[in-house]
Amino acid sequence: MLDTVIIGAGPAGMTAGIYAARAELSHIVLESGLMSGGQIVNTSEVDNYPGLKGTGGFDLAMKFREHCDLCGVSFRDGKVTEVKKQENGFLVLLESGESYSAKTVLFATGAKHRTLSIPGEEEFAGSGVSYCATCDGAFFRGKEVAVVGGGDVAIEDALFLARICKRVYLVHRREEFRAAKTLVNRLRACENVTFVLNATPVRITGTGRVESLCVKTAEGERELPVSGVFVAIGMLPNTELLTGLVPLDEAGYVLAGEDCRTGVPGIFAAGDLRTKHLRQVVTAAADGAAAIYEIEAFLNQQ
Ligand code: FAD
Ligand code: NAP
């Protein structure tokens, strides 16, 4: 039986791996994606991780992984489909049919994109509707696009696209932004960016490819003549596996404090999936470290 199974190899899971290996806990880090790194893999630049200013998201993820490998962290590919309580711990089941028994489980499964759920979004996903500007932006070089959202991701996406697209419409449902003021001010200074505020997306239309985003404003409906719609309206926690297992808040985040302890002894939660105000690489990494410290304390008490 392992001391701990860590589910997810994003910044939280990889940091937990480093701390677990250094603490000589028997462990395994399970990752369902094609590579380690989590959400950060898809961002062009991470400007706020201490000591590594301006590092590309992919490069930062690789640095985390190299550090893990140097410390002897054990990784396995695989999607966890269920975690069951056993007499002296937990059974972690994978899609492949494999399973691991462990005294503790650390969930570090992060979060995924929220969708607009409007007509056309699903139909044009991958052919005009995108959730990743850094991945798909180049397909829209010289074209007109819309970015939906008012958080850091939407503003960063719009800044990135403004460099390569003819025009960027920034569509946001309010006038105030969640995004950092510095980012919003940088976007306001771009001549080819049009702010469409107090506007709610209604439908995406086109023949075979996106030709228009219709938004609803106080004045009525307005058609934006775009060939790309970048949806950046936030995330949903990957906590399906935890539903019914540990207490979650109304939005589905795991109720856990800085010690990453959940409502169930032996189950821990680190990173974006737990209740917190600031979801960042640095806070996810901090959680990974704190969680292993608490897991060690938990194991010592057993
Ligand atoms: P994640 O990064 O979401 O990693 C979770 C991992 O768990 C994933 O690899 C996933 O595949 C895996 N997983 C999920 N379910 C399972 C399962 N059932 N079985 C196995 N594996 C599973 N933060 C900053 O500090 N600076 C930035 O500049 C910045 N830019 C960002 C840009 C974008 C576009 C986005 C989306 C986010 C950005 N963030 C930034 C936020 C930052 O990426 C997150 O806060 C951070 O990645 C959270 O780390 P995490 O380990 O909690 O979760
Ligand atoms: P976010 O901060 O939650 O912002 C989501 C935005 O989408 C909000 O403006 C919200 O509007 C809007 N929205 C939500 N649902 C919508 C809907 N159905 N229709 C239209 N608009 C909708 O999410 P995020 O921008 O993805 O950022 C996620 C986390 O990563 C944040 O913690 C962020 O700080 C972090 N991050 C940090 C950086 C950085 O530090 N440089 C970069 C990227 C991401 P309302 O405002 O009206 O609710």
# chains A, B, ... in the order shown; residues from 1 in each chain; ligands from 1
call {"tool": "residues_around", "arguments": {"residues": "region 231-238 of chain A", "least_positions_apart": "5", "cutoff": "7 Å", "atoms": "only C-alpha atoms", "output": "list in words"}}
result
Thr109, Gly110, Ala111, Lys112, His113, Arg114, Ser130, Tyr131, Val147, Val148, Gly149, Val153, Ala154, Gly252, Tyr253 and Leu273 of chain A
call {"tool": "write_last_selection", "arguments": {"atoms": "all heavy atoms", "output": "compact mmCIF listing (two decimals), in the first residue's frame"}}
result
# COMPACT_ATOMS: atom_id res chain seq x y z
N THR A 109 -6.54 17.77 -9.32
CA THR A 109 -7.09 17.61 -10.68
C THR A 109 -7.45 18.92 -11.36
O THR A 109 -7.91 18.91 -12.50
CB THR A 109 -8.32 16.68 -10.64
OG1 THR A 109 -9.19 17.10 -9.58
CG2 THR A 109 -7.93 15.23 -10.40
N GLY A 110 -7.27 20.05 -10.67
CA GLY A 110 -7.39 21.35 -11.33
C GLY A 110 -8.79 21.69 -11.82
O GLY A 110 -9.79 21.38 -11.18
N ALA A 111 -8.80 22.33 -12.98
CA ALA A 111 -10.06 22.87 -13.50
C ALA A 111 -10.10 22.79 -15.02
O ALA A 111 -9.07 22.55 -15.66
CB ALA A 111 -10.19 24.32 -13.04
N LYS A 112 -11.31 22.96 -15.60
CA LYS A 112 -11.45 22.94 -17.07
C LYS A 112 -12.26 24.14 -17.54
O LYS A 112 -12.90 24.82 -16.73
CB LYS A 112 -12.12 21.64 -17.51
CG LYS A 112 -13.50 21.43 -16.92
CD LYS A 112 -14.14 20.19 -17.49
CE LYS A 112 -15.42 19.83 -16.75
NZ LYS A 112 -15.23 19.32 -15.40
N HIS A 113 -12.29 24.38 -18.87
CA HIS A 113 -12.99 25.54 -19.43
C HIS A 113 -14.50 25.50 -19.20
O HIS A 113 -15.12 24.46 -19.35
CB HIS A 113 -12.78 25.60 -20.95
CG HIS A 113 -11.36 25.64 -21.34
ND1 HIS A 113 -10.57 26.72 -21.09
CD2 HIS A 113 -10.58 24.72 -21.94
CE1 HIS A 113 -9.35 26.45 -21.52
NE2 HIS A 113 -9.34 25.25 -22.03
N ARG A 114 -15.05 26.66 -18.91
CA ARG A 114 -16.51 26.81 -18.89
C ARG A 114 -16.96 27.10 -20.33
O ARG A 114 -16.21 27.69 -21.11
CB ARG A 114 -16.84 28.00 -17.98
CG ARG A 114 -18.29 28.09 -17.60
CD ARG A 114 -18.52 29.29 -16.72
NE ARG A 114 -18.23 29.04 -15.32
CZ ARG A 114 -17.72 29.95 -14.49
NH1 ARG A 114 -17.39 31.13 -14.92
NH2 ARG A 114 -17.52 29.64 -13.23
N SER A 130 -12.90 28.57 -30.27
CA SER A 130 -11.70 28.06 -29.60
C SER A 130 -11.71 28.43 -28.13
O SER A 130 -12.30 29.44 -27.73
CB SER A 130 -10.46 28.64 -30.27
OG SER A 130 -9.31 28.38 -29.49
N TYR A 131 -11.01 27.62 -27.32
CA TYR A 131 -10.86 27.91 -25.89
C TYR A 131 -9.40 28.17 -25.57
O TYR A 131 -9.02 28.20 -24.40
CB TYR A 131 -11.41 26.72 -25.07
CG TYR A 131 -12.86 26.48 -25.37
CD1 TYR A 131 -13.24 25.67 -26.44
CD2 TYR A 131 -13.86 27.13 -24.65
CE1 TYR A 131 -14.57 25.49 -26.76
CE2 TYR A 131 -15.19 26.95 -24.96
CZ TYR A 131 -15.54 26.13 -26.03
OH TYR A 131 -16.86 25.97 -26.35
N VAL A 147 -13.27 37.89 -28.57
CA VAL A 147 -12.88 37.19 -27.33
C VAL A 147 -14.00 37.47 -26.33
O VAL A 147 -14.39 38.63 -26.15
CB VAL A 147 -11.54 37.73 -26.77
CG1 VAL A 147 -11.23 37.08 -25.43
CG2 VAL A 147 -10.42 37.49 -27.76
N VAL A 148 -14.52 36.43 -25.70
CA VAL A 148 -15.59 36.60 -24.72
C VAL A 148 -15.04 36.38 -23.32
O VAL A 148 -14.41 35.35 -23.05
CB VAL A 148 -16.75 35.61 -24.98
CG1 VAL A 148 -17.90 35.89 -24.02
CG2 VAL A 148 -17.23 35.69 -26.42
N GLY A 149 -15.31 37.37 -22.43
CA GLY A 149 -14.88 37.23 -21.04
C GLY A 149 -14.25 38.52 -20.52
O GLY A 149 -13.87 39.40 -21.32
N VAL A 153 -7.61 35.78 -18.33
CA VAL A 153 -7.39 34.97 -19.53
C VAL A 153 -7.96 35.69 -20.76
O VAL A 153 -7.30 35.77 -21.80
CB VAL A 153 -8.00 33.55 -19.38
CG1 VAL A 153 -7.96 32.80 -20.69
CG2 VAL A 153 -7.25 32.77 -18.31
N ALA A 154 -9.18 36.23 -20.65
CA ALA A 154 -9.79 36.93 -21.79
C ALA A 154 -8.92 38.10 -22.23
O ALA A 154 -8.68 38.30 -23.44
CB ALA A 154 -11.19 37.41 -21.42
N GLY A 252 -18.91 23.74 -6.70
CA GLY A 252 -18.27 22.45 -6.97
C GLY A 252 -16.82 22.37 -6.53
O GLY A 252 -16.15 21.36 -6.78
N TYR A 253 -16.30 23.43 -5.89
CA TYR A 253 -14.91 23.40 -5.40
C TYR A 253 -14.85 22.63 -4.08
O TYR A 253 -15.80 22.66 -3.28
CB TYR A 253 -14.36 24.82 -5.20
CG TYR A 253 -14.14 25.54 -6.52
CD1 TYR A 253 -15.12 26.34 -7.09
CD2 TYR A 253 -12.94 25.40 -7.21
CE1 TYR A 253 -14.93 26.96 -8.32
CE2 TYR A 253 -12.73 26.02 -8.43
CZ TYR A 253 -13.73 26.81 -8.98
OH TYR A 253 -13.53 27.41 -10.19
N LEU A 273 -8.65 23.23 -7.61
CA LEU A 273 -9.93 22.58 -7.32
C LEU A 273 -10.44 22.87 -5.94
O LEU A 273 -11.59 22.54 -5.63
CB LEU A 273 -9.85 21.06 -7.56
CG LEU A 273 -9.31 20.18 -6.42
CD1 LEU A 273 -9.58 18.74 -6.71
CD2 LEU A 273 -7.85 20.43 -6.18
call {"tool": "select_by_dssp", "arguments": {"residues": "region 13-115 of chain A", "states": "helix (DSSP H, G or I)", "output": "PyMOL selection string"}}
result
chain A and resi 13-22+38-42+57-71
call {"tool": "residues_near_ligand", "arguments": {"ligand": "ligand 1", "cutoff": "7 Å", "atoms": "only C-alpha atoms and all ligand atoms", "output": "ChimeraX atom specification"}}
result
/A:7-13,30-33,36-40,42-43,45-49,78-81,108-112,132,153,238,270-273,279-282,284
call {"tool": "closest_residue", "arguments": {"among": "A:Pro265, A:Pro201, A:Gly151, A:Gly72", "to": "ligand 2", "atoms": "only C-alpha atoms and all ligand atoms"}}
result
A:Gly151
call {"tool": "select_by_dssp", "arguments": {"residues": "region 54-232 of chain A", "states": "strand (DSSP E or B)", "output": "ChimeraX atom specification"}}
result
/A:55,75-77,80-86,89-94,99-107,111-113,125,129-130,144-148,167-171,193-196,200-205,212-217,220-224,228-231
call {"tool": "closest_residue", "arguments": {"among": "A:Arg203, A:Glu121, A:Asp3, A:Val226", "to": "Ala102 (chain A)", "atoms": "only C-alpha atoms"}}
result
A:Asp3
call {"tool": "closest_residue", "arguments": {"among": "A:Gly266, A:Gly208, A:Gly128, A:Gly17", "to": "Phe140 (chain A)", "atoms": "only C-alpha atoms"}}
result
A:Gly128
call {"tool": "closest_residue", "arguments": {"among": "A:Ile267, A:Val210, A:Ala291, A:Ile118", "to": "ligand 2", "atoms": "only C-alpha atoms and all ligand atoms"}}
result
A:Ile118
call {"tool": "atom_distance", "arguments": {"atom1": "CA of Arg22 (chain A)", "atom2": "CA of Cys71 (chain A)"}}
result
6.9 Å
call {"tool": "closest_residue", "arguments": {"among": "A:Gly288, A:Glu156, A:Cys165, A:Leu224", "to": "Arg141 (chain A)", "atoms": "only C-alpha atoms"}}
result
A:Cys165
call {"tool": "closest_residue", "arguments": {"among": "A:Ala251, A:Val171, A:Cys260, A:Leu2", "to": "Tyr293 (chain A)", "atoms": "only C-alpha atoms"}}
result
A:Cys260
call {"tool": "atom_distance", "arguments": {"atom1": "atom 41 (N, counted along the ligand's line) of ligand 2", "atom2": "CA of Glu66 (chain A)"}}
result
23.4 Å
call {"tool": "residues_around", "arguments": {"residues": "Met1 (chain A)", "least_positions_apart": "4", "cutoff": "12 Å", "atoms": "only C-alpha atoms", "output": "list in words"}}
result
Val5, Leu25, Ser26, His27, Ile28, Gln86, Asn88, Gly89, Phe90, Leu91, Val92, Ser99, Tyr100, Ser101, Ala102, Lys103, Thr104 and Val105 of chain A
call {"tool": "decode", "arguments": {"residues": "region 21-74 of chain A", "atoms": "C-alpha atoms", "output": "compact mmCIF listing (two decimals), in the first residue's frame"}}
result
# COMPACT_ATOMS: atom_id res chain seq x y z
CA ALA A 21 9.86 12.14 -3.02
CA ARG A 22 12.03 14.31 -0.76
CA ALA A 23 10.07 13.11 2.29
CA GLU A 24 10.61 9.52 1.10
CA LEU A 25 6.88 8.80 0.99
CA SER A 26 5.96 5.93 -1.32
CA HIS A 27 3.85 7.65 -3.96
CA ILE A 28 2.64 7.81 -7.51
CA VAL A 29 1.51 10.81 -9.60
CA LEU A 30 -1.27 9.94 -12.06
CA GLU A 31 -1.96 12.14 -15.11
CA SER A 32 -4.72 11.74 -17.71
CA GLY A 33 -3.38 14.33 -20.18
CA LEU A 34 -0.81 13.84 -22.92
CA MET A 35 1.89 15.47 -20.79
CA SER A 36 2.57 16.91 -17.36
CA GLY A 37 1.89 20.59 -16.74
CA GLY A 38 -1.85 21.09 -16.46
CA GLN A 39 -3.45 24.32 -17.65
CA ILE A 40 -0.19 26.19 -17.89
CA VAL A 41 0.96 24.18 -20.89
CA ASN A 42 -1.41 26.20 -23.10
CA THR A 43 -0.40 29.70 -22.08
CA SER A 44 2.17 31.68 -24.05
CA GLU A 45 3.93 33.41 -21.17
CA VAL A 46 3.87 33.19 -17.39
CA ASP A 47 5.06 36.53 -16.12
CA ASN A 48 4.40 36.19 -12.42
CA TYR A 49 6.07 33.00 -11.22
CA PRO A 50 8.91 34.14 -8.93
CA GLY A 51 12.39 33.81 -10.37
CA LEU A 52 11.25 32.81 -13.85
CA LYS A 53 9.73 36.00 -15.28
CA GLY A 54 8.61 35.75 -18.86
CA THR A 55 8.92 31.97 -19.14
CA GLY A 56 6.61 30.29 -21.68
CA GLY A 57 3.88 28.14 -20.10
CA PHE A 58 5.11 25.00 -21.86
CA ASP A 59 8.71 25.70 -20.81
CA LEU A 60 7.66 26.28 -17.21
CA ALA A 61 5.78 22.98 -17.21
CA MET A 62 8.92 21.26 -18.55
CA LYS A 63 11.04 22.86 -15.82
CA PHE A 64 8.62 21.53 -13.20
CA ARG A 65 8.79 18.07 -14.78
CA GLU A 66 12.63 18.10 -15.00
CA HIS A 67 12.75 19.05 -11.31
CA CYS A 68 10.41 16.14 -10.51
CA ASP A 69 12.55 13.71 -12.49
CA LEU A 70 15.70 14.91 -10.69
CA CYS A 71 14.00 14.22 -7.35
CA GLY A 72 12.83 10.75 -8.37
CA VAL A 73 9.08 11.44 -8.57
CA SER A 74 7.13 8.40 -9.87
